[in-house]
Amino acid sequence: MKGHELDLFCVPRHYENDLDKVIIPHGLIMDRTERLARDIIRDMGGHHIVALCVLKGGYKFFADLLDYIKALNQNSDKSVPLTVDFIRVKSYCNDKSTNNVRVIGGDELSSLSGKVSPDIVETGRTMQTLLSLLSECNPKMVKVVSLLVKRTPRSSGYRPDYIGFEVPDAFLVGYALDYNEYFRDLSHICILNDQAKEKYKV
């Protein structure tokens with residue numbers, strides 16, 4: 001995935017000098033998300049799904065995925081009962097993983113029996129920590145859908161059940177993925193450049 005030049009897309013002017021390339025354009029994200037929704041309905045039809053959103057980076061993908069699932073529920077023969085919950089997982093400082101996973105929220109995890117929706121799976125350690133926590137609640141099943149999986153030598157080998165895209169081992173922002181809370185308002189998924197990492201560093 002080489003990416004696309006910025007001048008081919010609408011990018012907020014305040015971010016123009018902070019990005020290297022557009023890796024995944026918004027339209028492609030939406031098309032892939034719709035297909036993931038179809039696959040989930042096909043596989044989970046009949047089961048009650050408690051969809052757990054991993055905040056904050058996963059909120060946009062989660063909302064769009066649920067919109068497609070709702071549309072399919074209304075317009076196809078197969079439908080799934082759906083409820084939602086939210087959890088926040090923090091494991092980054094600037095552009096580095098801290099190897100310390102903090103889980104915030106999700107008081108009623110005991111009610112979960114469905115799927116988990118994170119934004120990006122990098123090494124897989126954060127997801128494995130969350131799955132371990134969820135298993136203590138004895139759900140009937142847990143399926144993980146992730147928009148992005150990074151190709152990285154640091155990977156633990158963990159693979160989600162549903163994957164949107166495999167992406168290069170670069171720091172990505174946009175479509176709710178952030179760098180110190182910036183870039184969540186960018187529609188496309190882009191590679192952050194080194195000057196921006198310094199500019200927005202905490």
# chains A, B, ... in the order shown; residues from 1 in each chain; ligands from 1

call {"tool": "residues_around", "arguments": {"residues": "A:Asp185", "least_positions_apart": "5", "cutoff": "10 Å", "atoms": "only C-alpha atoms", "output": "PyMOL selection string"}}
result
chain A and resi 11-12+173-178

call {"tool": "write_last_selection", "arguments": {"atoms": "C-alpha atoms", "output": "compact mmCIF listing (two decimals), in the first residue's frame"}}
result
# COMPACT_ATOMS: atom_id res chain seq x y z
CA VAL A 11 -7.69 17.53 3.39
CA PRO A 12 -8.29 20.22 6.05
CA VAL A 173 -4.12 9.25 11.64
CA GLY A 174 -7.59 10.22 10.44
CA TYR A 175 -11.06 8.65 10.50
CA ALA A 176 -10.95 9.06 14.33
CA LEU A 177 -7.35 7.78 14.70
CA ASP A 178 -5.40 10.45 16.54

call {"tool": "residues_around", "arguments": {"residues": "stretch 147-153 of chain A", "least_positions_apart": "5", "cutoff": "12 Å", "atoms": "only C-alpha atoms", "output": "PyMOL selection string"}}
result
chain A and resi 1+23-24+28-37+54+57-62+64-65+116-124+127+158-173+175-177+189

call {"tool": "atom_distance", "arguments": {"atom1": "atom CA of A:Met44", "atom2": "atom CA of A:Val80"}}
result
7.1 Å

call {"tool": "closest_residue", "arguments": {"among": "A:Arg154, A:Arg125, A:Arg88, A:Arg13", "to": "A:Leu55", "atoms": "only C-alpha atoms"}}
result
A:Arg88

call {"tool": "select_by_dssp", "arguments": {"residues": "stretch 3-104 of chain A", "states": "strand (DSSP E or B)", "output": "ChimeraX atom specification"}}
result
/A:4,19-24,49-55,82-93,96-104

call {"tool": "closest_residue", "arguments": {"among": "A:Leu134, A:Leu19, A:Val50, A:Leu8", "to": "A:Gln195", "atoms": "only C-alpha atoms"}}
result
A:Leu19

call {"tool": "select_by_dssp", "arguments": {"residues": "stretch 10-104 of chain A", "states": "alpha helix (DSSP H)", "output": "NGL selection string"}}
result
:A and (26-44 or 59-75)

call {"tool": "closest_residue", "arguments": {"among": "A:Leu82, A:Ile49, A:Val202, A:Ile87", "to": "A:Tyr179", "atoms": "only C-alpha atoms"}}
result
A:Val202
